[in-house]
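Enquirer: I am attaching a structure below and will ask some questions about it afterwards.
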Amino acid sequence: MYLGVDYYPEQWGENMLDEDMDRIVELGCNTIRIAEFSWHLMEKREGEFDFSFFDRVIEQAKERGLFVIMGTPTATIPAWLAYKHPEILSEFENGKKRTFGGRHNYCFSSDCLYEYSEKIVRALVSHYKDERAIIAWQIDNEIGHEGSDICFCENCHRKFQSFLKEKFGGDIERLNYTYGTTFWSQEYNSFDEIPLPSETITTHNPALRLDWERFRSRLIVDFIAFQARLIREISPDAVLMHDFPGGGLTKHVDYSKVAKLIDKPGYNNYPVWGGQKAPLKPHEIAFGLDYIRGLKGENFWITEAIIGAQGHDVTGYLPRPNQAKMWSYQAMAHGGEALLYFRFREATKGAEQFCYGVIDADNVLRRKFYEVQSFFSDIALYESALSSEIQNEVAIVYDYDSLASFRIQRQSVLSDVPQQMTRLYKLFYDLNVGVDIIPEGRDFSDKKIVVLPQLIITKPDMEQRVKNFVYNGGIVIFTYRSAVKDENNNLFFGKTIPVNYTELLGITVEETESLQDEECFEVAGSGEFDGVFGKGGIFRDMIKPIDAEVLFRYGDRFSIRNFDPSINASVAGEHPALSYKEFAAVTKKKSGKGQAYYIGCGLTEQVLKQIVNSVLEKAKIKPLISPDGVEVVNRRSDKQSITIYINHNNFAARVNGINLAPFECKVVEE
């Protein structure tokens with residue numbers, strides 16, 4: 001089990017190296033992570049490579065039995081490169097060039113970026129290809145983070161046009177037909193006429209914008225692939241990793257495709273950041289961890305674990321005694337099999353002065369040091385169980401194209417698909433039922449329950465896999481705004497929503513509306529939910545059951561006037577022959593051996609809980625009841641079985657006869 005710290009020795013006098021290494025060992029570390037931001041130190045002038053500093057760092061680490069995770073330094077290009085080739089810098093949407101400074105300020109479309117990145121990576125990996133202390137190579141850093149996933153420069157414009165030319169086989173009329181550019185007279189005579197989807201009057205074509213999202217993603221995936229190929233060419237047995245940031249579902253890059261290119265996903269886990277008054281809620285932290293595990297469907301490394309207050313310009317909440325330690329336990333419980341704290345020591349200079357580390361800038365050992373020391377000592381006892389594969393029976397599925405489609409057309413000011421996914425996740429989390437969060441292309445046939453939240457774009461392969469899953473005994477839960485659009489972000493002609501799922505679900509959606517309120521109508525249960533009442537909002541599908549069972553109906557009435565064509569329209573409004581048709585809000589249909597649910601609106605948690613409890617019972621998945629704020633996770637291997645009790649509360653709690661102090665974790669080995 002790799003346990004350690006992120007160490008930036010280049011930010012300190014080299015005379016501190018011995019003392020720092022001794023303290024790192026005293027802390028209980030066996031690993032350090034280095035060099036990810038040190039391009040200039042390695043190449044102060046073009047072509048003059050010098051790795052002697054890190055030679056000494058690695059030598060000192062080896063003397064103490066420490067392993068090394070080595071970063072390629074491409075996240076921070078040197079000043080001389082930006083000065084010589086200003087075209088390497090990315091641009092804001094308004095056309096303003098990003099200045100040198102900060103990080104991730106390069107453009108992924110830049111040939112110059114590839115040229116100079118290859119030189120530094122080739123030289124670095126060639127220099128250390130036989131260094132056995134290096135257990136992994138980290139490619140770049142938090143790729144696509146902090147807005148670096150978007151650029152509107154001329155390079156991007158030309159390459160976007162080439163991307164579309166390749167996609168449509170050079171046939172501009174095929175693109176015109178696919179996009180429907182006849183609307184608003186937007187037909188193109190050549191690919192050279194296609195604009196970037198930057199700010200304009202009203203909005204750009206939705207199909208164009210979805211291809212722009214795919215293009216942005218491919219640029220980043222290609223850059224990681226380029227470095228991965230280069231490293232493996234030089235060092236075929238190298239372990240490759242990347243440290244993913246939080247908020248992956250909001251990025252203009254499909255991180256699951258990045259993950260396919262590496263051996264081990266890393267995650268920079270920050271439950272709280274500068275400017276936040278309080279940390280994320282426990283289920284939101286857990287959601288982020290399970291999302292990272294789902295990128296490859298494998299355990300991962302925590303490459304940056306919080307220990308102190310964090311922030312660049314605005315600092316944040318200070319984790320309370322044992323709270324950061326508790327978050328570390330939670331990370332390992334959800335699939336972390338290695339953990340490094342950010343950072344060994346707080347910086348005294350530069351933009352991260354207020355990212356507090358294990359040791360503060362005054363270099364005095366205090367509570368945080370001993371808290372980390374205690375965690376390392378304890379967690380190593382459970383390596384066997386924590387290295388085992390997590391096998392959950394529930395999955396929540398996301399789709400990059402659908403997420404992008406909602407970024408392009410929100411449809412409701414309250415629309416936030418990642419947030420809605422997290423709300424659904426919480427229903428299972430609160431019952432200590434494990435959940436995998438997986439991309440649309442991943443196999444889910446071994447699950448008992450699959451949740452499909454707002455997969456607005458429907459795809460033939462996914463449709464067939466969902467139907468097979470249900471027919472073979474699985475339970476699937478669809479939500480509103482599912483199966484509405486095709487793969488080009490266009491509506492279907494002649495097909496009723498949910499497109500290609502009407503038979504499976506036994507319903508059609510007659511009409512739909514966007515609501516700018518979370519609780520603006522009532523729902524009333526029927527059948528097994530008779531007597532249950534609640535509220536809903538955000539969106540509403542008017543569901544017409546065909547052969548589905550109605551679980552909830554809308555409590556208000558949606559009126560439809562049945563006009564007799566023989567009656568003059570001028571008096572139709574006064575005609576007494578009015579009928580009211582109540583539409584379903586939630587339905588269920590048995591199909592094959594399984595069941596398919598459709599939730600047609602945004603429901604309050606109270607109602608969703610009852611639905612999920614019923615679904616779990618039908619799937620024969622037994623929840624584990626614990627007090628609010630207390631998480632219970634079971635992990636087991638052939639050699640070890642443990643239960644981890646995590647108290648997220650700032651007050652004492654008791655579960656299964658176990659007393660937990662505020663923010664305390666206890667591991668019980670069976």
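So you can find residues: chains in the structure tokens are A, B, ... in the order shown, residues in each start at 1, and ligands are numbered from 1 in order.
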So that I can see what lies close to Arg229 in chain A, please list as a PDB file with C-alpha atoms, in the first residue's frame the residues with an atom at most 12 Å from it, counting only C-alpha atoms and leaving out residues fewer than 4 positions away in the same chain.
Expert:
ATOM      1  CA  GLU A 118       7.765  15.403 -26.718  1.00  0.00           C
ATOM      2  CA  VAL A 121       9.020  13.943 -21.851  1.00  0.00           C
ATOM      3  CA  ARG A 122      11.380  11.929 -24.058  1.00  0.00           C
ATOM      4  CA  VAL A 125      11.703   9.302 -19.286  1.00  0.00           C
ATOM      5  CA  ILE A 139       0.998  12.259 -17.080  1.00  0.00           C
ATOM      6  CA  ASP A 222      -5.328  12.785 -27.767  1.00  0.00           C
ATOM      7  CA  PHE A 223      -2.803  14.731 -25.682  1.00  0.00           C
ATOM      8  CA  ILE A 224      -2.852  12.106 -22.931  1.00  0.00           C
ATOM      9  CA  ALA A 225      -2.640   9.342 -25.557  1.00  0.00           C
ATOM     10  CA  GLU A 233       7.881   3.477 -26.236  1.00  0.00           C
ATOM     11  CA  ILE A 234      10.803   4.356 -23.953  1.00  0.00           C
ATOM     12  CA  SER A 235       9.801   2.356 -20.884  1.00  0.00           C
ATOM     13  CA  PRO A 236       7.396  -0.430 -21.891  1.00  0.00           C
ATOM     14  CA  ASP A 237       6.823  -1.648 -18.328  1.00  0.00           C
ATOM     15  CA  ALA A 238       6.069   1.781 -16.877  1.00  0.00           C
ATOM     16  CA  LEU A 240       0.997   5.206 -16.106  1.00  0.00           C
ATOM     17  CA  LEU A 261      -5.150   5.210 -21.685  1.00  0.00           C
ATOM     18  CA  ILE A 262      -3.590   4.795 -18.234  1.00  0.00           C
TER      19      ILE A 262
END
Enquirer: Can you pull out the residues contacting range 287-289 of chain A? Cut-off 7 Å, using only C-alpha atoms, and skip same-chain residues under 4 positions away; I want them as a list in words.
Expert: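 Neighbouring residues, sequence-local ones excluded: Gly246, His283, Arg293, Ala331, His334 and Thr422 of chain A.
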Enquirer: Can you pull out every residue within 10 Å of Asn322 in chain A, counting only C-alpha atoms, but drop anything in the same chain fewer than 3 positions away, and send it as a list in words?
Expert: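 Non-adjacent residues within range: Ile307, Pro319, Lys325, Met326, Trp327, Ser328, Arg367, Lys368, Glu371, Val372, Phe375, Ala661, Pro662, Phe663, Glu664 and Cys665 of chain A.
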Enquirer: Identify, on the basis of only C-alpha atoms, every residue whose closest approach to Arg64 in chain A does not exceed 12 Å; exclude the query and any residue fewer than 3 positions from it along the same chain; express the result as a PDB file with C-alpha atoms, in the first residue's frame.
Expert:
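Ended up saving to result_37.pdb:
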ATOM      1  CA  ASP A  18      17.898  15.606   4.453  1.00  0.00           C
ATOM      2  CA  GLU A  19      15.682  16.907   7.222  1.00  0.00           C
ATOM      3  CA  ASP A  20      12.567  16.779   5.042  1.00  0.00           C
ATOM      4  CA  MET A  21      13.208  13.193   4.008  1.00  0.00           C
ATOM      5  CA  ASP A  22      13.725  12.141   7.613  1.00  0.00           C
ATOM      6  CA  ARG A  23      10.439  13.773   8.615  1.00  0.00           C
ATOM      7  CA  ILE A  24       8.641  12.150   5.705  1.00  0.00           C
ATOM      8  CA  VAL A  25       9.826   8.776   6.958  1.00  0.00           C
ATOM      9  CA  GLU A  26       8.899   9.703  10.544  1.00  0.00           C
ATOM     10  CA  GLY A  28       5.048   6.915   8.136  1.00  0.00           C
ATOM     11  CA  CYS A  29       5.359   7.480   4.400  1.00  0.00           C
ATOM     12  CA  ASN A  30       6.736   5.013   1.896  1.00  0.00           C
ATOM     13  CA  THR A  31       6.067   7.169  -1.206  1.00  0.00           C
ATOM     14  CA  ILE A  32       6.598  10.716  -2.472  1.00  0.00           C
ATOM     15  CA  VAL A  57      16.036  13.944  -4.534  1.00  0.00           C
ATOM     16  CA  ILE A  58      15.486  10.388  -5.752  1.00  0.00           C
ATOM     17  CA  GLU A  59      18.807   9.243  -4.320  1.00  0.00           C
ATOM     18  CA  GLN A  60      17.840  10.598  -0.908  1.00  0.00           C
ATOM     19  CA  ALA A  61      14.449   8.903  -1.195  1.00  0.00           C
ATOM     20  CA  PHE A  67       9.095   5.007  -3.633  1.00  0.00           C
ATOM     21  CA  VAL A  68       8.575   7.805  -6.178  1.00  0.00           C
ATOM     22  CA  ALA A 133      12.358   3.593  -7.298  1.00  0.00           C
TER      23      ALA A 133
END
Enquirer: As a tab-separated table (two decimals) with all heavy atoms, in the first residue's frame, please: the residues near range 89-104 of chain A (cut-off 9 Å, only C-alpha atoms, same-chain neighbours under 3 positions excluded).
Expert:
chain	number	residue	atom	x	y	z
A	37	PHE	N	5.44	20.00	-11.72
A	37	PHE	CA	5.40	21.41	-12.12
A	37	PHE	C	6.81	21.99	-12.32
A	37	PHE	O	7.03	23.16	-12.07
A	37	PHE	CB	4.66	22.24	-11.07
A	37	PHE	CG	3.21	21.88	-10.90
A	37	PHE	CD1	2.69	21.61	-9.64
A	37	PHE	CD2	2.36	21.81	-11.99
A	37	PHE	CE1	1.36	21.29	-9.47
A	37	PHE	CE2	1.01	21.49	-11.83
A	37	PHE	CZ	0.52	21.22	-10.57
A	74	THR	N	4.25	18.82	-18.07
A	74	THR	CA	3.64	19.58	-19.16
A	74	THR	C	2.47	20.47	-18.73
A	74	THR	O	1.97	21.26	-19.54
A	74	THR	CB	3.15	18.61	-20.25
A	74	THR	OG1	2.37	17.57	-19.65
A	74	THR	CG2	4.34	17.99	-20.97
A	75	ALA	N	2.03	20.36	-17.47
A	75	ALA	CA	0.93	21.22	-17.02
A	75	ALA	C	1.36	22.68	-16.89
A	75	ALA	O	0.52	23.58	-16.91
A	75	ALA	CB	0.38	20.72	-15.68
A	76	THR	N	2.66	22.91	-16.75
A	76	THR	CA	3.16	24.28	-16.59
A	76	THR	C	4.33	24.51	-17.55
A	76	THR	O	5.46	24.16	-17.24
A	76	THR	CB	3.60	24.54	-15.14
A	76	THR	OG1	4.47	23.47	-14.70
A	76	THR	CG2	2.41	24.60	-14.20
A	77	ILE	N	4.01	25.08	-18.70
A	77	ILE	CA	5.07	25.34	-19.67
A	77	ILE	C	5.98	26.45	-19.14
A	77	ILE	O	5.55	27.31	-18.37
A	77	ILE	CB	4.47	25.74	-21.04
A	77	ILE	CG1	3.63	27.02	-20.91
A	77	ILE	CG2	3.63	24.62	-21.61
A	77	ILE	CD1	3.13	27.56	-22.24
A	78	PRO	N	7.26	26.45	-19.54
A	78	PRO	CA	8.19	27.49	-19.06
A	78	PRO	C	7.98	28.82	-19.77
A	78	PRO	O	7.44	28.88	-20.89
A	78	PRO	CB	9.56	26.90	-19.39
A	78	PRO	CG	9.32	25.98	-20.54
A	78	PRO	CD	7.94	25.42	-20.36
A	79	ALA	N	8.43	29.88	-19.12
A	79	ALA	CA	8.24	31.23	-19.67
A	79	ALA	C	8.95	31.39	-21.01
A	79	ALA	O	8.43	32.06	-21.92
A	79	ALA	CB	8.74	32.27	-18.67
A	82	ALA	N	6.69	30.17	-23.82
A	82	ALA	CA	5.57	31.07	-24.13
A	82	ALA	C	6.07	32.34	-24.81
A	82	ALA	O	5.38	32.91	-25.68
A	82	ALA	CB	4.83	31.42	-22.85
A	83	TYR	N	7.27	32.80	-24.45
A	83	TYR	CA	7.84	34.01	-25.04
A	83	TYR	C	8.23	33.75	-26.50
A	83	TYR	O	7.96	34.58	-27.39
A	83	TYR	CB	9.06	34.44	-24.25
A	83	TYR	CG	9.76	35.67	-24.80
A	83	TYR	CD1	9.22	36.94	-24.61
A	83	TYR	CD2	10.95	35.54	-25.51
A	83	TYR	CE1	9.85	38.05	-25.13
A	83	TYR	CE2	11.60	36.66	-26.03
A	83	TYR	CZ	11.05	37.91	-25.83
A	83	TYR	OH	11.67	39.02	-26.34
A	85	HIS	N	7.11	31.24	-28.44
A	85	HIS	CA	5.96	30.78	-29.24
A	85	HIS	C	4.66	31.20	-28.56
A	85	HIS	O	3.97	30.36	-27.96
A	85	HIS	CB	6.00	29.26	-29.41
A	85	HIS	CG	7.14	28.76	-30.23
A	85	HIS	ND1	7.18	28.87	-31.60
A	85	HIS	CD2	8.31	28.14	-29.85
A	85	HIS	CE1	8.31	28.33	-32.04
A	85	HIS	NE2	9.01	27.89	-31.01
A	86	PRO	N	4.29	32.46	-28.64
A	86	PRO	CA	3.05	32.91	-27.97
A	86	PRO	C	1.81	32.22	-28.51
A	86	PRO	O	0.77	32.20	-27.84
A	86	PRO	CB	3.03	34.42	-28.24
A	86	PRO	CG	3.93	34.62	-29.42
A	86	PRO	CD	4.99	33.57	-29.31
A	107	CYS	N	-2.67	25.65	-25.35
A	107	CYS	CA	-3.78	25.21	-26.20
A	107	CYS	C	-3.51	23.79	-26.69
A	107	CYS	O	-2.43	23.50	-27.21
A	107	CYS	CB	-3.92	26.15	-27.40
A	107	CYS	SG	-5.06	25.52	-28.66
A	108	PHE	N	-4.49	22.91	-26.53
A	108	PHE	CA	-4.32	21.51	-26.93
A	108	PHE	C	-4.26	21.34	-28.44
A	108	PHE	O	-3.90	20.26	-28.92
A	108	PHE	CB	-5.45	20.66	-26.35
A	108	PHE	CG	-5.38	20.47	-24.86
A	108	PHE	CD1	-6.22	21.19	-24.03
A	108	PHE	CD2	-4.48	19.60	-24.30
A	108	PHE	CE1	-6.16	21.03	-22.65
A	108	PHE	CE2	-4.40	19.43	-22.93
A	108	PHE	CZ	-5.25	20.14	-22.10
A	109	SER	N	-4.62	22.37	-29.18
A	109	SER	CA	-4.53	22.30	-30.64
A	109	SER	C	-3.16	22.71	-31.17
A	109	SER	O	-2.89	22.62	-32.37
A	109	SER	CB	-5.59	23.21	-31.28
A	109	SER	OG	-6.88	22.70	-31.10
A	110	SER	N	-2.29	23.16	-30.28
A	110	SER	CA	-1.01	23.72	-30.70
A	110	SER	C	-0.01	22.63	-31.08
A	110	SER	O	0.34	21.77	-30.27
A	110	SER	CB	-0.43	24.57	-29.56
A	110	SER	OG	0.90	24.93	-29.84
A	141	ASN	N	-1.15	17.02	-15.23
A	141	ASN	CA	-1.77	17.24	-13.92
A	141	ASN	C	-3.18	17.77	-14.13
A	141	ASN	O	-3.38	18.74	-14.87
A	141	ASN	CB	-0.95	18.26	-13.12
A	141	ASN	CG	-1.70	18.81	-11.92
A	141	ASN	OD1	-2.41	19.80	-12.04
A	141	ASN	ND2	-1.55	18.18	-10.78
A	142	GLU	N	-4.17	17.12	-13.53
A	142	GLU	CA	-5.56	17.58	-13.56
A	142	GLU	C	-5.96	18.11	-14.95
A	142	GLU	O	-6.40	19.25	-15.12
A	142	GLU	CB	-5.80	18.65	-12.50
A	142	GLU	CG	-5.64	18.12	-11.07
A	142	GLU	CD	-6.01	19.13	-10.00
A	142	GLU	OE1	-5.84	20.35	-10.24
A	142	GLU	OE2	-6.48	18.72	-8.93
A	143	ILE	N	-5.82	17.25	-15.93
A	143	ILE	CA	-6.03	17.66	-17.32
A	143	ILE	C	-7.44	18.22	-17.52
A	143	ILE	O	-8.42	17.67	-17.04
A	143	ILE	CB	-5.77	16.46	-18.26
A	143	ILE	CG1	-5.44	16.92	-19.68
A	143	ILE	CG2	-6.87	15.45	-18.22
A	143	ILE	CD1	-4.03	17.36	-19.87
A	144	GLY	N	-7.53	19.34	-18.21
A	144	GLY	CA	-8.82	19.95	-18.51
A	144	GLY	C	-9.45	20.70	-17.35
A	144	GLY	O	-10.60	21.13	-17.44
A	145	HIS	N	-8.69	20.93	-16.28
A	145	HIS	CA	-9.25	21.57	-15.09
A	145	HIS	C	-9.19	23.09	-15.21
A	145	HIS	O	-8.43	23.64	-16.00
A	145	HIS	CB	-8.45	21.10	-13.87
A	145	HIS	CG	-9.05	21.44	-12.55
A	145	HIS	ND1	-10.41	21.45	-12.33
A	145	HIS	CD2	-8.47	21.77	-11.35
A	145	HIS	CE1	-10.64	21.77	-11.07
A	145	HIS	NE2	-9.50	21.98	-10.46
A	146	GLU	N	-9.99	23.77	-14.43
A	146	GLU	CA	-9.94	25.23	-14.25
A	146	GLU	C	-10.16	26.01	-15.55
A	146	GLU	O	-9.60	27.06	-15.78
A	146	GLU	CB	-8.61	25.64	-13.61
A	146	GLU	CG	-8.44	25.05	-12.21
A	146	GLU	CD	-7.03	25.17	-11.67
A	146	GLU	OE1	-6.07	25.09	-12.46
A	146	GLU	OE2	-6.88	25.31	-10.45
A	147	GLY	N	-10.99	25.44	-16.44
A	147	GLY	CA	-11.30	26.12	-17.69
A	147	GLY	C	-10.34	25.85	-18.82
A	147	GLY	O	-10.52	26.37	-19.94
A	148	SER	N	-9.32	25.03	-18.57
A	148	SER	CA	-8.34	24.75	-19.63
A	148	SER	C	-8.89	23.79	-20.68
A	148	SER	O	-8.21	23.52	-21.67
A	148	SER	CB	-7.06	24.17	-19.02
A	148	SER	OG	-7.33	22.95	-18.33
A	150	ILE	N	-11.32	24.47	-22.56
A	150	ILE	CA	-11.93	25.29	-23.61
A	150	ILE	C	-10.93	26.31	-24.14
A	150	ILE	O	-10.22	26.96	-23.37
A	150	ILE	CB	-13.17	26.02	-23.08
A	150	ILE	CG1	-14.32	25.04	-22.85
A	150	ILE	CG2	-13.62	27.11	-24.04
A	150	ILE	CD1	-14.90	24.46	-24.12
A	151	CYS	N	-10.87	26.43	-25.45
A	151	CYS	CA	-10.03	27.45	-26.10
A	151	CYS	C	-10.71	27.83	-27.40
A	151	CYS	O	-11.31	26.99	-28.08
A	151	CYS	CB	-8.62	26.89	-26.36
A	151	CYS	SG	-7.57	27.99	-27.35
A	152	PHE	N	-10.60	29.10	-27.76
A	152	PHE	CA	-11.26	29.61	-28.96
A	152	PHE	C	-10.25	30.25	-29.92
A	152	PHE	O	-10.59	31.19	-30.64
A	152	PHE	CB	-12.35	30.62	-28.59
A	152	PHE	CG	-13.55	30.00	-27.94
A	152	PHE	CD1	-13.60	29.81	-26.57
A	152	PHE	CD2	-14.63	29.58	-28.70
A	152	PHE	CE1	-14.71	29.24	-25.97
A	152	PHE	CE2	-15.75	29.01	-28.11
A	152	PHE	CZ	-15.79	28.83	-26.74
A	153	CYS	N	-9.03	29.74	-29.94
A	153	CYS	CA	-8.01	30.33	-30.81
A	153	CYS	C	-8.18	29.87	-32.25
A	153	CYS	O	-8.98	28.98	-32.56
A	153	CYS	CB	-6.62	29.98	-30.29
A	153	CYS	SG	-6.12	28.27	-30.60
A	154	GLU	N	-7.39	30.46	-33.12
A	154	GLU	CA	-7.49	30.14	-34.54
A	154	GLU	C	-7.07	28.69	-34.82
A	154	GLU	O	-7.60	28.04	-35.71
A	154	GLU	CB	-6.62	31.11	-35.36
A	154	GLU	CG	-6.79	30.98	-36.86
A	154	GLU	CD	-8.24	31.10	-37.33
A	154	GLU	OE1	-8.99	31.89	-36.75
A	154	GLU	OE2	-8.61	30.37	-38.28
A	198	SER	N	-18.79	30.38	-30.53
A	198	SER	CA	-18.57	31.43	-29.53
A	198	SER	C	-19.80	32.33	-29.48
A	198	SER	O	-20.76	32.14	-30.21
A	198	SER	CB	-17.32	32.24	-29.88
A	198	SER	OG	-17.37	32.72	-31.20
A	199	GLU	N	-19.74	33.32	-28.62
A	199	GLU	CA	-20.93	34.14	-28.33
A	199	GLU	C	-21.52	34.77	-29.59
A	199	GLU	O	-20.80	35.30	-30.43
A	199	GLU	CB	-20.56	35.23	-27.32
A	199	GLU	CG	-21.74	36.02	-26.81
A	199	GLU	CD	-21.34	37.01	-25.74
A	199	GLU	OE1	-20.13	37.13	-25.45
A	199	GLU	OE2	-22.24	37.67	-25.19
A	351	ALA	N	1.38	30.94	-5.80
A	351	ALA	CA	-0.07	31.04	-5.76
A	351	ALA	C	-0.72	30.12	-4.73
A	351	ALA	O	-1.90	30.30	-4.43
A	351	ALA	CB	-0.64	30.75	-7.15
Enquirer: Contacts of Phe191 in chain A at 12 Å or less, counting only C-alpha atoms, minus same-chain residues fewer than 3 places along, as a list of chain:residue names?
Expert: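 Here the qualifying residues turn out to be A:His157, A:Arg158, A:Lys159, A:Phe160, A:Gln161, A:Ser162, A:Phe163, A:Leu164, A:Lys165, A:Glu166, A:Lys167, A:Phe168, A:Gly169, A:Gly170, A:Asp171, A:Ile172, A:Glu173, A:Arg174, A:Leu175, A:Asn176, A:Glu187, A:Tyr188, A:Ile194, A:Pro195, A:Leu196.
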Enquirer: If you count only C-alpha atoms, which residues fall within 10 Å of Phe478 in chain A, apart from same-chain ones fewer than 4 positions away, as a PDB file with N, CA, C and O atoms, in the first residue's frame?
Expert:
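Wrote selection.pdb, looks like this:
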ATOM      1  N   VAL A 450     -30.136  -0.672 -12.174  1.00  0.00           N
ATOM      2  CA  VAL A 450     -29.416   0.317 -12.977  1.00  0.00           C
ATOM      3  C   VAL A 450     -30.279   1.572 -13.069  1.00  0.00           C
ATOM      4  O   VAL A 450     -31.452   1.504 -13.446  1.00  0.00           O
ATOM      5  N   VAL A 451     -29.693   2.707 -12.708  1.00  0.00           N
ATOM      6  CA  VAL A 451     -30.390   3.995 -12.752  1.00  0.00           C
ATOM      7  C   VAL A 451     -29.866   4.784 -13.948  1.00  0.00           C
ATOM      8  O   VAL A 451     -28.646   4.932 -14.118  1.00  0.00           O
ATOM      9  N   LEU A 452     -30.782   5.291 -14.766  1.00  0.00           N
ATOM     10  CA  LEU A 452     -30.416   6.043 -15.972  1.00  0.00           C
ATOM     11  C   LEU A 452     -30.959   7.458 -15.855  1.00  0.00           C
ATOM     12  O   LEU A 452     -32.057   7.763 -16.321  1.00  0.00           O
ATOM     13  N   PRO A 453     -30.210   8.344 -15.222  1.00  0.00           N
ATOM     14  CA  PRO A 453     -30.726   9.708 -15.006  1.00  0.00           C
ATOM     15  C   PRO A 453     -30.516  10.622 -16.210  1.00  0.00           C
ATOM     16  O   PRO A 453     -29.398  10.924 -16.587  1.00  0.00           O
ATOM     17  N   GLN A 454     -31.601  11.011 -16.830  1.00  0.00           N
ATOM     18  CA  GLN A 454     -31.604  12.034 -17.872  1.00  0.00           C
ATOM     19  C   GLN A 454     -30.628  11.736 -19.014  1.00  0.00           C
ATOM     20  O   GLN A 454     -29.892  12.616 -19.457  1.00  0.00           O
ATOM     21  N   LEU A 455     -30.644  10.500 -19.486  1.00  0.00           N
ATOM     22  CA  LEU A 455     -29.867  10.176 -20.681  1.00  0.00           C
ATOM     23  C   LEU A 455     -30.674  10.652 -21.882  1.00  0.00           C
ATOM     24  O   LEU A 455     -31.351   9.882 -22.560  1.00  0.00           O
ATOM     25  N   SER A 482     -35.451  11.490 -20.687  1.00  0.00           N
ATOM     26  CA  SER A 482     -34.650  10.364 -21.177  1.00  0.00           C
ATOM     27  C   SER A 482     -35.112  10.000 -22.586  1.00  0.00           C
ATOM     28  O   SER A 482     -36.309  10.073 -22.895  1.00  0.00           O
ATOM     29  N   ALA A 483     -34.150   9.607 -23.428  1.00  0.00           N
ATOM     30  CA  ALA A 483     -34.445   9.121 -24.779  1.00  0.00           C
ATOM     31  C   ALA A 483     -35.287  10.117 -25.566  1.00  0.00           C
ATOM     32  O   ALA A 483     -36.344   9.790 -26.100  1.00  0.00           O
ATOM     33  N   PRO A 498     -40.629   8.119 -24.484  1.00  0.00           N
ATOM     34  CA  PRO A 498     -39.186   7.905 -24.603  1.00  0.00           C
ATOM     35  C   PRO A 498     -38.859   7.041 -25.821  1.00  0.00           C
ATOM     36  O   PRO A 498     -39.279   5.879 -25.896  1.00  0.00           O
ATOM     37  N   LEU A 505     -41.175   0.258 -21.375  1.00  0.00           N
ATOM     38  CA  LEU A 505     -41.715   0.997 -20.236  1.00  0.00           C
ATOM     39  C   LEU A 505     -43.237   0.974 -20.183  1.00  0.00           C
ATOM     40  O   LEU A 505     -43.829   1.262 -19.132  1.00  0.00           O
ATOM     41  N   VAL A 586     -45.226   8.648 -12.123  1.00  0.00           N
ATOM     42  CA  VAL A 586     -44.266   7.549 -11.970  1.00  0.00           C
ATOM     43  C   VAL A 586     -44.967   6.255 -12.360  1.00  0.00           C
ATOM     44  O   VAL A 586     -46.109   6.006 -11.941  1.00  0.00           O
ATOM     45  N   THR A 587     -44.264   5.436 -13.147  1.00  0.00           N
ATOM     46  CA  THR A 587     -44.854   4.173 -13.589  1.00  0.00           C
ATOM     47  C   THR A 587     -43.864   3.026 -13.424  1.00  0.00           C
ATOM     48  O   THR A 587     -42.658   3.244 -13.248  1.00  0.00           O
ATOM     49  N   ALA A 596     -39.169  -2.186 -15.294  1.00  0.00           N
ATOM     50  CA  ALA A 596     -38.692  -0.893 -15.787  1.00  0.00           C
ATOM     51  C   ALA A 596     -39.541   0.216 -15.191  1.00  0.00           C
ATOM     52  O   ALA A 596     -40.771   0.234 -15.357  1.00  0.00           O
ATOM     53  N   TYR A 597     -38.893   1.138 -14.481  1.00  0.00           N
ATOM     54  CA  TYR A 597     -39.558   2.274 -13.852  1.00  0.00           C
ATOM     55  C   TYR A 597     -39.311   3.529 -14.681  1.00  0.00           C
ATOM     56  O   TYR A 597     -38.257   3.679 -15.302  1.00  0.00           O
ATOM     57  N   TYR A 598     -40.271   4.442 -14.647  1.00  0.00           N
ATOM     58  CA  TYR A 598     -40.083   5.744 -15.266  1.00  0.00           C
ATOM     59  C   TYR A 598     -40.547   6.812 -14.278  1.00  0.00           C
ATOM     60  O   TYR A 598     -41.711   6.833 -13.865  1.00  0.00           O
ATOM     61  N   ILE A 599     -39.612   7.678 -13.877  1.00  0.00           N
ATOM     62  CA  ILE A 599     -39.914   8.790 -12.970  1.00  0.00           C
ATOM     63  C   ILE A 599     -40.025  10.041 -13.830  1.00  0.00           C
ATOM     64  O   ILE A 599     -39.028  10.533 -14.356  1.00  0.00           O
ATOM     65  N   GLY A 600     -41.237  10.560 -13.968  1.00  0.00           N
ATOM     66  CA  GLY A 600     -41.513  11.585 -14.965  1.00  0.00           C
ATOM     67  C   GLY A 600     -41.337  13.018 -14.522  1.00  0.00           C
ATOM     68  O   GLY A 600     -41.689  13.935 -15.268  1.00  0.00           O
TER      69      GLY A 600
END
Enquirer: Name the closest residue to Ala35 in chain A among the candidates A:Ile134, A:Cys601, A:Val397, A:Leu3; distances are taken between atoms, counting only C-alpha atoms.
Expert: A:Ile134
Enquirer: Could you jot down the CA of Gly555 in chain A to CA of Gln610 in chain A separation for me, Å, one decimal place?
Expert: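 For CA of Gly555 in chain A relative to CA of Gln610 in chain A, the distance reads 17.6 Å.
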Enquirer: Could you pull out all residues of range 118-313 of chain A with a DSSP call of helix (DSSP H, G or I) and give them as a ChimeraX atom specification?
Expert: /A:118-128,154-167,172-179,183-185,191-193,206-234,248-250,255-259,282-296
